[in-house]
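Engineer: Got a structure here, written out as structure tokens. Questions coming.
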Amino acid sequence: MPCESSAYVSDTAPGRGSLRPARSWLHSDAARLPLNGPWRFRLSPTASVAEEFAAEGFDDSDWDDIPVPSHWVLRDDGAHGRPIYTNVQFPFPIDPPHVPDENPTGDYRRHVGIPADWAGAGRVLLRFDGVESLFKVWVNGVEIGSAAGSRLTHEFDVTRAVRPGDNVVAVRVHQWSAASYLEDQDQWWLPGIFRDVTLIARPAAGIEDVWLRTGFEDGRASVDPEITADAAAFPVTLRIPELGVDTTWATAADVVPFDVGGAEPWSAERPRLYDATVSSAAESIALRVGFRTVEIRGDRFLVNGRRVVFHGVNRHEAHPERGRVFDEDHAREDLARMKRFNVNAIRTSHYPPHPRLLDLADELGFWVVLECDLETHGFDKVGWTGNPSDDPAWREACLDRIRRTVERDKNHPSVVIWSLGNEAGTGSNLAAMSAWVHARDTGRPVHYEGDHTGEYTDVYSRMYASVPEIERIAADDSPATLMNCTPAQSVRQRGKPFLLCEYAHAMGNGPGGLDQYEALVDRHPRLHGGFVWEWRDHGILTTTPDGTPYYGYGGDFGEVVHDANFVMDGLVLSDDVPTPGLHEYKAVVQPIRFAFEADEVVVTNLRHSADTGDLRFVWRVEHEGAVVARGDLDVPVVAAGGTRRVPLPPVPVARDAETWLTLDAVLAAPTSWAPAGHVVATAQSDRSAPRPTPAVRHRSGWRPGDGTLRLGFAEFAGGSLVGLAGRAVTGPRLELFRAPTDNDEGTSDDLEDSDATVAGVSHAELWRREGLDRLTARRLSVTCTADALRTVDRVSAANSAAWVMTESVWSVEGDELELRVEIEPSSGWTTVWPRIGIRFDLPDGAAPVDGVTWFGLGPLESYPDSARAARTGLFSSAVGDLGVDYARPQETGHRAGLRRLTLASADTEVLHVTALADRLGRRPGFTLARHTPQQIARAGHPHELPDSTTTYLIVDAAQHGLGSRSCGPDVRPGFALRPEARTIRLRWARA
Ligand code: GAL
């Protein structure tokens with residue numbers, strides 16, 4: 001039996017003692033004392049240590065200092081436990097509501113001087129904005145109470161315990177508690193007081209709570225106020241100076257709704273806010289008011305009467321050094337980054353963020369789905385037996401969580417949907433939470449994805465549904481029953497607005513196929529877009545024993561159970577670097593679309609309500625990447641939802657180079673999130689005159705030879721290339737392998753729309769079984785003519801009967817050398833192939849190949865199902881900058897649509913390579929890297945890559961798509977690479 005003092009860790013009650021009812025998190029002028037800063041701290045291994053530390057006179061001189069807010073496991077002294085990452089798994093036995101005796105427990109103490117003038121305060125509150133997971137509070141040795149709900153605000157009434165002058169606050173925090181069963185989100189377990197602690201003086205005639213509900217309908221703005229205060233607080237005055245509002249209510253009964261003249265609406269695009277104050281004689285509260293009406297009409301989700309399309313991301317609070325500790329500057333910059341990448345919505349997965357985040361969302365403009373701190377996913381393992389969502393013993397805990405969520409953030413115009421939580425199964429407690437919200441806030445709908453059949457929620461929400469499935473959801477005449485639904489439930493769900501609360505799992509290199517989701521949203525008004533999983537990687541900055549820094553993931557901290565790098569699935573890397581996936585996202589969801597015709601362009605404005613008055617349209621013409629003309633395009637203002645047909649400028653077309661017209665929509669003036677000139681949307685049109693590809697020259701007179709010879713500037717030994725233009729170069733060697741992406745390693749078995757052959761087995765595993773990563777070659781022949789060399793090789797893997805024949809022909813073509821490689825697979829290959837490529841090795845010698853300039857698609861990597869962000873142009877890069885530092889090394893850096901490239905060494909050009917299109921006009925792509933795919937595949941972290949002495953150039957006739965199978969649909973068949981015969985033709989020239 002645990003000792004009496006710690007038994008409450010198994011208590012399902014959300015709190016005890018003098019906890020106050022939830023209310024808004026308000027900006028009041030009442031006195032307050034921030035208790036952030038150093039506290040005395042002691043960590044114990046169990047919850048049952050005596051509580052004597054709470055006594056006033058306790059001597060804590062041999063304790064440490066800890067900053068509040070922080071997580072004790074992220075202290076870099078290694079003496080305070082370590083972070084644990086799990087996705088679904090509980091890191092303790094499933095024994096609800098109990099937790100292990102091994103329950104790290106942090107005791108905190110600090111002194112606080114309370115000014116003498118607080119003596120007149122009606123009440124003194126002690127507020128905690130976030131403590132993980134259960135905590136108990138004492139003031140001056142008096143036990144105040146306890147509370148759970150890590151990402152929720154709790155206020156205790158400490159009036160009877162405080163006194164003017166010195167006071168001692170003591171807090172005991174347990175890492176594990178009954179509440180942990182409700183907080184099984186896919187993230188790090190990070191105990192501690194991780195948000196602000198504040199001592200608040202409440203004036204005797206103060207305003208307890210304010211709710212300024214607003215509306216905007218048919219051009220009319222309205223306020224429906226709710227004031228929670230004692231009669232003594234009245235009269236209370238509401239002022240919105242900019243709108244001339246100055247209303248005084250003599251009593252609570254006078255507080256009634258009213259219309260406001262001259263107000264502009266709030267939207268995520270034009271986040272118009274008005275400063276307001278609500279004041280009594282004793283206290284003044286500042287709010288920023290936005291006018292908007294949220295409504296569901298049939299299967300449409302509308303704000304201010306117009307359909308909303310969520311171009312959203314799931315946002316966790318994650319920082320590589322601070323964990324979930326909020327940093328306002330970092331959060332603001334992160335939100336500005338979202339705006340720059342055309343993100344217009346945030347789901348606060350899977351708990352309320354720091355309250356200030358919503359102020360920023362109001363101000364910068366986002367549609368927010370605000371989610372309650374609730375997830376019980378680990379019960380899935382036991383068939384949801386004992387799931388708190390359906391057990392009366394947990395009803396109060398669930399209700400307490402949603403009350404605290406809604407009450408704290410109810411004033412924010414950005415919050416347009418309440419979400420009950422995530423992956424908590426289903427049951428009566430969730431239904432009760434929903435009923436409570438419906439009664440409390442009639443102005444916002446309720447979301448919960450786990451209500452698959454739509455019993456108690458207002459929108460139809462899914463995660464990771466495939467494109468064909470969404471088509472069935474969107475189509476009114478589809479006879480298909482929906483997932484987990486009966487026919488009647490399917491009809492019910494189809495009658496609601498649909499959104500994807502999660503899709504496009506952005507783990508590692510990916511996601512692919514974003515544009516296909518967007519195309520559906522454009523076509524079907526019932527579809528309201530969705531939220532990419534997820535915004536950022538959750539890597540924790542740590543070091544190897546020799547001091548090399550890296551971003552740690554599950555398993556890097558000695559966890560007993562963990563889920564490896566599944567926590568690294570963001571559009572932004574841990575160090576804030578946007579991934580190519582984010583660039584792709586920006587291009588796919590751009591709110592302005594262009595359709596080129598012969599002499600005109602059709603400009604479409606897909607925004608919710610903003611016209612294009614804030615944009616400028618600029619064009620340029622490039623000949624093989626060199627700008628030859630540019631100007632502004634005069635586009636009349638396009639209303640939201642409208643289109644305009646605009647004449648194009650005359651385009652000078654080159655005879656001997658490709659001609660590309662690029663049109664950008666840019667910000668005309670700076671905003672709080674981007675400078676003037678920031679590109680919001682872009683499109684290109686190929687205006688090139690047709691130019692034939694040189695035909696393959698037929699050669700005869702081949703004779704056997706040993707293949708040791710020189711052809712132009714190439715040298716061969718035994719039929720194999722050994723040098724080009726005086727540099728050591730070997731190749732081509734057939735390469736069918738790529739270092740598996742997280743999606744290649746994915747095992748999700750939604751294979752309706754996939755070319756995966758074995759459900760539950762990843763493509764990467766099949767590639768390893770077929771030996772694609774360990775091909776060997778046997779030379780069948782070497783033949784020559786006076787100016788050409790031909791080799792034929794049979795390439796195959798150990799214990800495999802399938803093979804590929806490669807025929808390589810080097811020939812002199814004027815000053816250039818041509819290499820043509822015919823790649824011909826045998827029958828009997830069973831899997832998709834990652835790539836069909838040829839590799840050249842360029843050892844460093846005196847000076848490594850360290851740079852490249854290319855004309856083709858760029859500037860970032862592109863793959864068959866992720867190429868919308870790529871444009872045709874002339875680009876340069878250092879070799880080291882071509883790949884992305886994914887937290888787990890994997891395939892990266894492929895640039896498709898190659899026309900020509902120049903390799904450079906220390907800024908000196910080394911070799912030119914021209915890629916000729918094949919007979920179908922297809923162009924290869926290239927990768928230039930310091931490691932082979934096999935080396936990359938062996939590394940778990942970037943620092944595990946071996947030192948390199950070689951640069952590797954891989955030219956791919958084709959690559960397999962990316963998909964999203966690390967959690968969701970596989971590469972769609974149109975982008976999957978099945979074995980096939982391909983030709984690669986390259987022309988080499990000396991620099
Ligand atoms: C979802 C879940 C998220 C995250 C994601 C995979 O099922 O809601 O929290 O785990 O999968 O990364």
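FYI, nothing fancy with the structure tokens labels: chains A, B, ... in order, residues from 1 per chain, ligands from 1 as they appear.
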Could I get the residue neighbourhood of ligand 1 at 6 Å, counting only C-alpha atoms and all ligand atoms, as a PyMOL selection string?
Structural biologist: chain A and resi 87+185-186+422+967
Engineer: Between range 361-432 of chain A and range 96-119 of chain A, at 12 Å or less, what are the per-residue closest atom pairs and their distances in Å? Count only C-alpha atoms, order by chain and rising residue number, and return it as JSON lines.
Structural biologist:
{"residue": "A:Thr376", "atom": "CA", "partner": "A:Pro96", "partner_atom": "CA", "distance": 11.1}
{"residue": "A:Gly378", "atom": "CA", "partner": "A:Pro96", "partner_atom": "CA", "distance": 11.1}
{"residue": "A:Phe379", "atom": "CA", "partner": "A:Pro96", "partner_atom": "CA", "distance": 9.9}
{"residue": "A:Val382", "atom": "CA", "partner": "A:Pro96", "partner_atom": "CA", "distance": 12.0}
{"residue": "A:Thr385", "atom": "CA", "partner": "A:Pro96", "partner_atom": "CA", "distance": 10.4}
{"residue": "A:Gly386", "atom": "CA", "partner": "A:Pro96", "partner_atom": "CA", "distance": 7.7}
{"residue": "A:Asn387", "atom": "CA", "partner": "A:Pro96", "partner_atom": "CA", "distance": 9.0}
{"residue": "A:Pro388", "atom": "CA", "partner": "A:Pro96", "partner_atom": "CA", "distance": 8.8}
{"residue": "A:Asp391", "atom": "CA", "partner": "A:Pro96", "partner_atom": "CA", "distance": 11.3}
{"residue": "A:Ala393", "atom": "CA", "partner": "A:Pro97", "partner_atom": "CA", "distance": 9.7}
{"residue": "A:Trp394", "atom": "CA", "partner": "A:Pro97", "partner_atom": "CA", "distance": 9.5}
Engineer: Selected residues, N, CA, C and O atoms, written as an mmCIF file, in the first residue's frame, please.
Structural biologist:
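Saved file out-v3.cif follows:
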data_model
loop_
_atom_site.group_PDB
_atom_site.id
_atom_site.type_symbol
_atom_site.label_atom_id
_atom_site.label_comp_id
_atom_site.auth_asym_id
_atom_site.auth_seq_id
_atom_site.Cartn_x
_atom_site.Cartn_y
_atom_site.Cartn_z
ATOM 1 N N THR A 376 -6.481 9.357 -24.294
ATOM 2 C CA THR A 376 -6.360 8.099 -23.529
ATOM 3 C C THR A 376 -5.950 6.959 -24.458
ATOM 4 O O THR A 376 -6.344 5.811 -24.275
ATOM 5 N N GLY A 378 -3.590 5.004 -25.017
ATOM 6 C CA GLY A 378 -2.957 3.757 -24.580
ATOM 7 C C GLY A 378 -3.964 2.647 -24.268
ATOM 8 O O GLY A 378 -3.591 1.460 -24.216
ATOM 9 N N PHE A 379 -5.224 3.018 -24.057
ATOM 10 C CA PHE A 379 -6.227 1.988 -23.781
ATOM 11 C C PHE A 379 -6.586 1.191 -25.040
ATOM 12 O O PHE A 379 -7.230 0.141 -24.942
ATOM 13 N N VAL A 382 -5.628 -2.449 -24.933
ATOM 14 C CA VAL A 382 -6.441 -3.417 -24.193
ATOM 15 C C VAL A 382 -7.898 -3.351 -24.673
ATOM 16 O O VAL A 382 -8.835 -3.544 -23.908
ATOM 17 N N THR A 385 -10.689 -1.368 -22.924
ATOM 18 C CA THR A 385 -11.243 -1.756 -21.627
ATOM 19 C C THR A 385 -10.796 -0.743 -20.576
ATOM 20 O O THR A 385 -9.602 -0.438 -20.476
ATOM 21 N N GLY A 386 -11.746 -0.263 -19.802
ATOM 22 C CA GLY A 386 -11.412 0.681 -18.735
ATOM 23 C C GLY A 386 -11.147 2.080 -19.231
ATOM 24 O O GLY A 386 -10.645 2.932 -18.486
ATOM 25 N N ASN A 387 -11.470 2.359 -20.491
ATOM 26 C CA ASN A 387 -11.194 3.691 -21.032
ATOM 27 C C ASN A 387 -11.916 4.770 -20.222
ATOM 28 O O ASN A 387 -13.140 4.743 -20.095
ATOM 29 N N PRO A 388 -11.176 5.738 -19.694
ATOM 30 C CA PRO A 388 -11.808 6.803 -18.902
ATOM 31 C C PRO A 388 -12.920 7.550 -19.641
ATOM 32 O O PRO A 388 -13.802 8.116 -19.006
ATOM 33 N N ASP A 391 -16.233 5.832 -18.557
ATOM 34 C CA ASP A 391 -16.318 5.274 -17.208
ATOM 35 C C ASP A 391 -16.773 6.397 -16.267
ATOM 36 O O ASP A 391 -16.099 7.436 -16.169
ATOM 37 N N ALA A 393 -16.457 6.928 -13.322
ATOM 38 C CA ALA A 393 -15.470 7.353 -12.327
ATOM 39 C C ALA A 393 -14.629 8.531 -12.830
ATOM 40 O O ALA A 393 -14.028 9.247 -12.039
ATOM 41 N N TRP A 394 -14.571 8.700 -14.137
ATOM 42 C CA TRP A 394 -13.741 9.760 -14.708
ATOM 43 C C TRP A 394 -14.573 10.913 -15.273
ATOM 44 O O TRP A 394 -14.026 11.829 -15.887
#
Engineer: Taking into account only C-alpha atoms, which residue in the set A:Ala431, A:Phe341, A:Asp632, A:Arg526 is nearest to His678 in chain A?
Structural biologist: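 Ranking A:Ala431, A:Phe341, A:Asp632, A:Arg526 by distance to His678 in chain A, first place goes to A:Phe341.
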Engineer: So which residues of range 256-332 of chain A fall under helix (DSSP H, G or I) by DSSP, listed as a ChimeraX atom specification?
Structural biologist: /A:328-332
Engineer: Kindly save the residues from that selection, with all heavy atoms included, as a tab-separated table (two decimals), in the first residue's frame.
Structural biologist:
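File produced: result_13.tsv:
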chain	number	residue	atom	x	y	z
A	328	GLU	N	7.51	33.67	-25.83
A	328	GLU	CA	6.62	34.44	-26.70
A	328	GLU	C	7.29	34.89	-28.00
A	328	GLU	O	6.67	34.85	-29.06
A	328	GLU	CB	6.06	35.65	-25.95
A	328	GLU	CG	5.03	36.35	-26.79
A	328	GLU	CD	4.11	37.25	-25.98
A	328	GLU	OE1	3.85	36.93	-24.81
A	328	GLU	OE2	3.66	38.25	-26.54
A	329	ASP	N	8.55	35.28	-27.92
A	329	ASP	CA	9.23	35.72	-29.15
A	329	ASP	C	9.33	34.57	-30.13
A	329	ASP	O	9.11	34.73	-31.33
A	329	ASP	CB	10.64	36.24	-28.83
A	329	ASP	CG	10.57	37.54	-28.05
A	329	ASP	OD1	9.50	38.19	-28.08
A	329	ASP	OD2	11.56	37.87	-27.37
A	330	HIS	N	9.68	33.39	-29.61
A	330	HIS	CA	9.81	32.23	-30.49
A	330	HIS	C	8.46	31.85	-31.07
A	330	HIS	O	8.34	31.55	-32.27
A	330	HIS	CB	10.42	31.06	-29.70
A	330	HIS	CG	10.75	29.89	-30.57
A	330	HIS	ND1	10.00	28.73	-30.57
A	330	HIS	CD2	11.72	29.70	-31.48
A	330	HIS	CE1	10.51	27.89	-31.44
A	330	HIS	NE2	11.56	28.45	-32.01
A	331	ALA	N	7.42	31.91	-30.24
A	331	ALA	CA	6.09	31.55	-30.73
A	331	ALA	C	5.62	32.54	-31.79
A	331	ALA	O	5.05	32.16	-32.81
A	331	ALA	CB	5.10	31.52	-29.57
A	332	ARG	N	5.89	33.80	-31.56
A	332	ARG	CA	5.47	34.81	-32.55
A	332	ARG	C	6.18	34.59	-33.87
A	332	ARG	O	5.58	34.63	-34.94
A	332	ARG	CB	5.75	36.22	-32.01
A	332	ARG	CG	5.34	37.32	-32.96
A	332	ARG	CD	5.69	38.69	-32.40
A	332	ARG	NE	4.75	39.15	-31.41
A	332	ARG	CZ	3.57	39.74	-31.69
A	332	ARG	NH1	3.22	39.93	-32.95
A	332	ARG	NH2	2.77	40.15	-30.73
Engineer: Apply DSSP to the structure's backbone, then extract all residues of range 154-386 of chain A labelled strand (DSSP E) and return them as a PyMOL selection string.
Structural biologist: chain A and resi 154-157+165-174+187-189+192-193+197-202+207-217+220-229+236-240+245-249+258-260+274-279+284-289+294-297+300-303+306-307+310-314+345-347+367-371
Engineer: So, with only C-alpha atoms as the atoms that count, which of A:Asp787, A:Glu745, A:Asp599, A:Glu52 lies closest to Arg768 in chain A?
Structural biologist: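 Answer, going by the shortest atom-to-atom distance: A:Glu745.
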Engineer: List as a VMD selection string the protein and nucleic acid residues near Phe855 in chain A, meaning an atom at most 6 Å away when only C-alpha atoms are counted, but skip any in the same chain fewer than 4 places from it.
Structural biologist: chain A and resid 873 to 874 899 to 900
Engineer: Would you write out those residues with N, CA, C and O atoms, as an mmCIF file, in the first residue's frame?
Structural biologist:
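Below is the file that was written, selection04.cif:
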data_model
loop_
_atom_site.group_PDB
_atom_site.id
_atom_site.type_symbol
_atom_site.label_atom_id
_atom_site.label_comp_id
_atom_site.auth_asym_id
_atom_site.auth_seq_id
_atom_site.Cartn_x
_atom_site.Cartn_y
_atom_site.Cartn_z
ATOM 1 N N GLY A 873 14.623 26.670 -63.368
ATOM 2 C CA GLY A 873 15.514 27.821 -63.293
ATOM 3 C C GLY A 873 16.954 27.390 -63.176
ATOM 4 O O GLY A 873 17.281 26.196 -63.241
ATOM 5 N N LEU A 874 17.799 28.379 -63.007
ATOM 6 C CA LEU A 874 19.234 28.151 -62.862
ATOM 7 C C LEU A 874 19.575 28.347 -61.394
ATOM 8 O O LEU A 874 19.292 29.409 -60.826
ATOM 9 N N ARG A 899 18.357 19.569 -66.756
ATOM 10 C CA ARG A 899 18.811 19.837 -68.131
ATOM 11 C C ARG A 899 20.341 19.809 -68.195
ATOM 12 O O ARG A 899 20.915 19.161 -69.028
ATOM 13 N N ARG A 900 20.971 20.553 -67.325
ATOM 14 C CA ARG A 900 22.434 20.516 -67.321
ATOM 15 C C ARG A 900 22.946 20.912 -65.948
ATOM 16 O O ARG A 900 22.233 21.589 -65.195
#
Engineer: Under the rule that only C-alpha atoms are counted, which of A:Ala432, A:Ala161, A:Ala475, A:Ala764 is the nearest residue to Asp400 in chain A?
Structural biologist: A:Ala432
Engineer: Determine, counting only C-alpha atoms, which protein, DNA and RNA residues have an atom within 10 Å of an atom of Thr248 in chain A; residues of the same chain fewer than 4 positions away are not included. Present the result as a short mmCIF file (atom, residue, chain, number, x, y, z; two decimals) with all heavy atoms, in the first residue's frame.
Structural biologist:
data_model
loop_
_atom_site.label_atom_id
_atom_site.label_comp_id
_atom_site.auth_asym_id
_atom_site.auth_seq_id
_atom_site.Cartn_x
_atom_site.Cartn_y
_atom_site.Cartn_z
N PHE A 234 -20.79 46.65 -9.70
CA PHE A 234 -21.49 47.54 -10.63
C PHE A 234 -21.55 48.97 -10.05
O PHE A 234 -21.55 49.13 -8.83
CB PHE A 234 -22.89 46.99 -10.90
CG PHE A 234 -22.83 45.79 -11.81
CD1 PHE A 234 -22.64 44.51 -11.28
CD2 PHE A 234 -22.93 45.94 -13.19
CE1 PHE A 234 -22.55 43.41 -12.12
CE2 PHE A 234 -22.85 44.82 -14.02
CZ PHE A 234 -22.66 43.55 -13.48
N PRO A 235 -21.60 50.00 -10.88
CA PRO A 235 -21.71 49.95 -12.33
C PRO A 235 -20.42 49.47 -13.02
O PRO A 235 -19.32 49.74 -12.55
CB PRO A 235 -22.01 51.40 -12.71
CG PRO A 235 -21.41 52.21 -11.60
CD PRO A 235 -21.56 51.38 -10.35
N VAL A 236 -20.62 48.84 -14.18
CA VAL A 236 -19.51 48.35 -15.00
C VAL A 236 -19.65 48.99 -16.38
O VAL A 236 -20.75 49.09 -16.92
CB VAL A 236 -19.56 46.81 -15.11
CG1 VAL A 236 -18.59 46.30 -16.17
CG2 VAL A 236 -19.26 46.16 -13.76
N THR A 237 -18.50 49.44 -16.91
CA THR A 237 -18.52 50.16 -18.19
C THR A 237 -17.72 49.40 -19.25
O THR A 237 -16.60 48.96 -18.99
CB THR A 237 -17.88 51.56 -18.01
OG1 THR A 237 -18.61 52.24 -16.99
CG2 THR A 237 -17.94 52.36 -19.30
N LEU A 238 -18.31 49.27 -20.43
CA LEU A 238 -17.60 48.71 -21.59
C LEU A 238 -17.26 49.86 -22.53
O LEU A 238 -18.14 50.62 -22.92
CB LEU A 238 -18.50 47.70 -22.31
CG LEU A 238 -18.02 47.31 -23.73
CD1 LEU A 238 -16.70 46.55 -23.68
CD2 LEU A 238 -19.07 46.49 -24.44
N ARG A 239 -16.00 49.95 -22.87
CA ARG A 239 -15.58 50.98 -23.84
C ARG A 239 -14.84 50.33 -24.99
O ARG A 239 -13.94 49.51 -24.78
CB ARG A 239 -14.64 51.99 -23.17
CG ARG A 239 -15.32 52.92 -22.20
CD ARG A 239 -14.46 54.14 -21.83
NE ARG A 239 -15.13 54.87 -20.77
CZ ARG A 239 -14.97 54.60 -19.46
NH1 ARG A 239 -14.16 53.65 -19.08
NH2 ARG A 239 -15.64 55.30 -18.56
N ASP A 254 -28.78 44.85 -16.42
CA ASP A 254 -28.72 45.75 -17.58
C ASP A 254 -27.80 45.23 -18.69
O ASP A 254 -27.72 45.82 -19.76
CB ASP A 254 -28.20 47.13 -17.14
CG ASP A 254 -29.11 47.75 -16.09
OD1 ASP A 254 -30.33 47.50 -16.16
OD2 ASP A 254 -28.59 48.46 -15.22
N VAL A 255 -27.07 44.19 -18.38
CA VAL A 255 -26.08 43.71 -19.35
C VAL A 255 -26.81 42.91 -20.43
O VAL A 255 -27.21 41.77 -20.22
CB VAL A 255 -25.02 42.82 -18.65
CG1 VAL A 255 -23.97 42.36 -19.66
CG2 VAL A 255 -24.37 43.58 -17.51
N VAL A 278 -13.26 46.76 -20.00
CA VAL A 278 -14.43 46.53 -19.16
C VAL A 278 -14.00 46.92 -17.75
O VAL A 278 -13.04 46.34 -17.21
CB VAL A 278 -14.88 45.06 -19.22
CG1 VAL A 278 -16.04 44.82 -18.26
CG2 VAL A 278 -15.27 44.68 -20.64
N SER A 279 -14.66 47.93 -17.17
CA SER A 279 -14.15 48.48 -15.91
C SER A 279 -15.24 48.62 -14.86
O SER A 279 -16.39 48.96 -15.17
CB SER A 279 -13.58 49.89 -16.14
OG SER A 279 -12.86 49.95 -17.33
N SER A 280 -14.81 48.36 -13.65
CA SER A 280 -15.62 48.74 -12.49
C SER A 280 -14.79 49.79 -11.75
O SER A 280 -13.68 50.14 -12.18
CB SER A 280 -15.85 47.51 -11.59
OG SER A 280 -14.65 47.15 -10.96
#
Engineer: Would you kindly return, as a PDB file with C-alpha atoms, in the first residue's frame, each protein, DNA or RNA residue with an atom no farther than 12 Å from any atom of Ala79 in chain A, considering only C-alpha atoms and excluding same-chain residues fewer than 3 positions away?
Structural biologist:
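Once written, part.pdb looks like this:
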ATOM      1  CA  ARG A  42      14.374  18.705  -4.532  1.00  0.00           C
ATOM      2  CA  LEU A  43      13.646  15.628  -6.600  1.00  0.00           C
ATOM      3  CA  SER A  44      12.619  12.367  -4.929  1.00  0.00           C
ATOM      4  CA  PRO A  45      12.197   8.987  -6.575  1.00  0.00           C
ATOM      5  CA  ASP A  64      19.060  23.025  -5.665  1.00  0.00           C
ATOM      6  CA  TRP A  72      13.146  19.180 -14.377  1.00  0.00           C
ATOM      7  CA  VAL A  73      14.089  16.392 -16.817  1.00  0.00           C
ATOM      8  CA  LEU A  74      15.504  18.984 -19.243  1.00  0.00           C
ATOM      9  CA  ARG A  75      18.036  20.352 -16.776  1.00  0.00           C
ATOM     10  CA  ASP A  76      21.413  19.713 -18.311  1.00  0.00           C
ATOM     11  CA  ARG A  82      15.428  12.194 -18.401  1.00  0.00           C
TER      12      ARG A  82
END
Engineer: Pick out the residues sitting within 10 Å of Ser146 in chain A, and hand them over as a PDB file with C-alpha atoms, in the first residue's frame; count only C-alpha atoms, and ignore anything fewer than 2 positions along from it in its own chain.
Structural biologist:
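To be explicit, this is the file written out as around-v8.pdb:
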ATOM      1  CA  TYR A   8      -4.105  10.953  -3.860  1.00  0.00           C
ATOM      2  CA  ALA A  13     -10.870  13.760  -9.046  1.00  0.00           C
ATOM      3  CA  PRO A  14      -9.494  16.744 -10.999  1.00  0.00           C
ATOM      4  CA  GLY A  15      -8.658  18.700  -7.886  1.00  0.00           C
ATOM      5  CA  ARG A  16      -9.173  19.200  -4.164  1.00  0.00           C
ATOM      6  CA  GLY A  17      -9.185  22.072  -1.724  1.00  0.00           C
ATOM      7  CA  SER A  18      -9.776  25.697  -2.499  1.00  0.00           C
ATOM      8  CA  LEU A  19      -9.677  25.467  -6.295  1.00  0.00           C
ATOM      9  CA  LEU A 134      -0.467  16.457 -10.461  1.00  0.00           C
ATOM     10  CA  PHE A 135       0.470  19.018  -7.856  1.00  0.00           C
ATOM     11  CA  LYS A 136      -0.332  19.972  -4.320  1.00  0.00           C
ATOM     12  CA  VAL A 137       0.086  23.458  -2.869  1.00  0.00           C
ATOM     13  CA  TRP A 138       0.837  24.892   0.587  1.00  0.00           C
ATOM     14  CA  GLU A 143      -2.437  23.015   2.778  1.00  0.00           C
ATOM     15  CA  ILE A 144      -4.349  24.787   0.011  1.00  0.00           C
ATOM     16  CA  ALA A 148      -4.406  17.859 -12.182  1.00  0.00           C
ATOM     17  CA  HIS A 154      -5.777  26.323 -12.020  1.00  0.00           C
ATOM     18  CA  PHE A 156      -6.448  28.472  -5.793  1.00  0.00           C
ATOM     19  CA  VAL A 171       4.458  22.918  -4.279  1.00  0.00           C
ATOM     20  CA  ARG A 172       4.800  19.171  -4.703  1.00  0.00           C
ATOM     21  CA  VAL A 173       4.634  17.888  -8.294  1.00  0.00           C
TER      22      VAL A 173
END
Engineer: Restricting the calculation to only C-alpha atoms: of A:Gly547, A:Gly641, A:Gly613, A:Gly555, which residue gets closest to Pro591 in chain A?
Structural biologist: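 The closest residue to Pro591 in chain A is A:Gly641.
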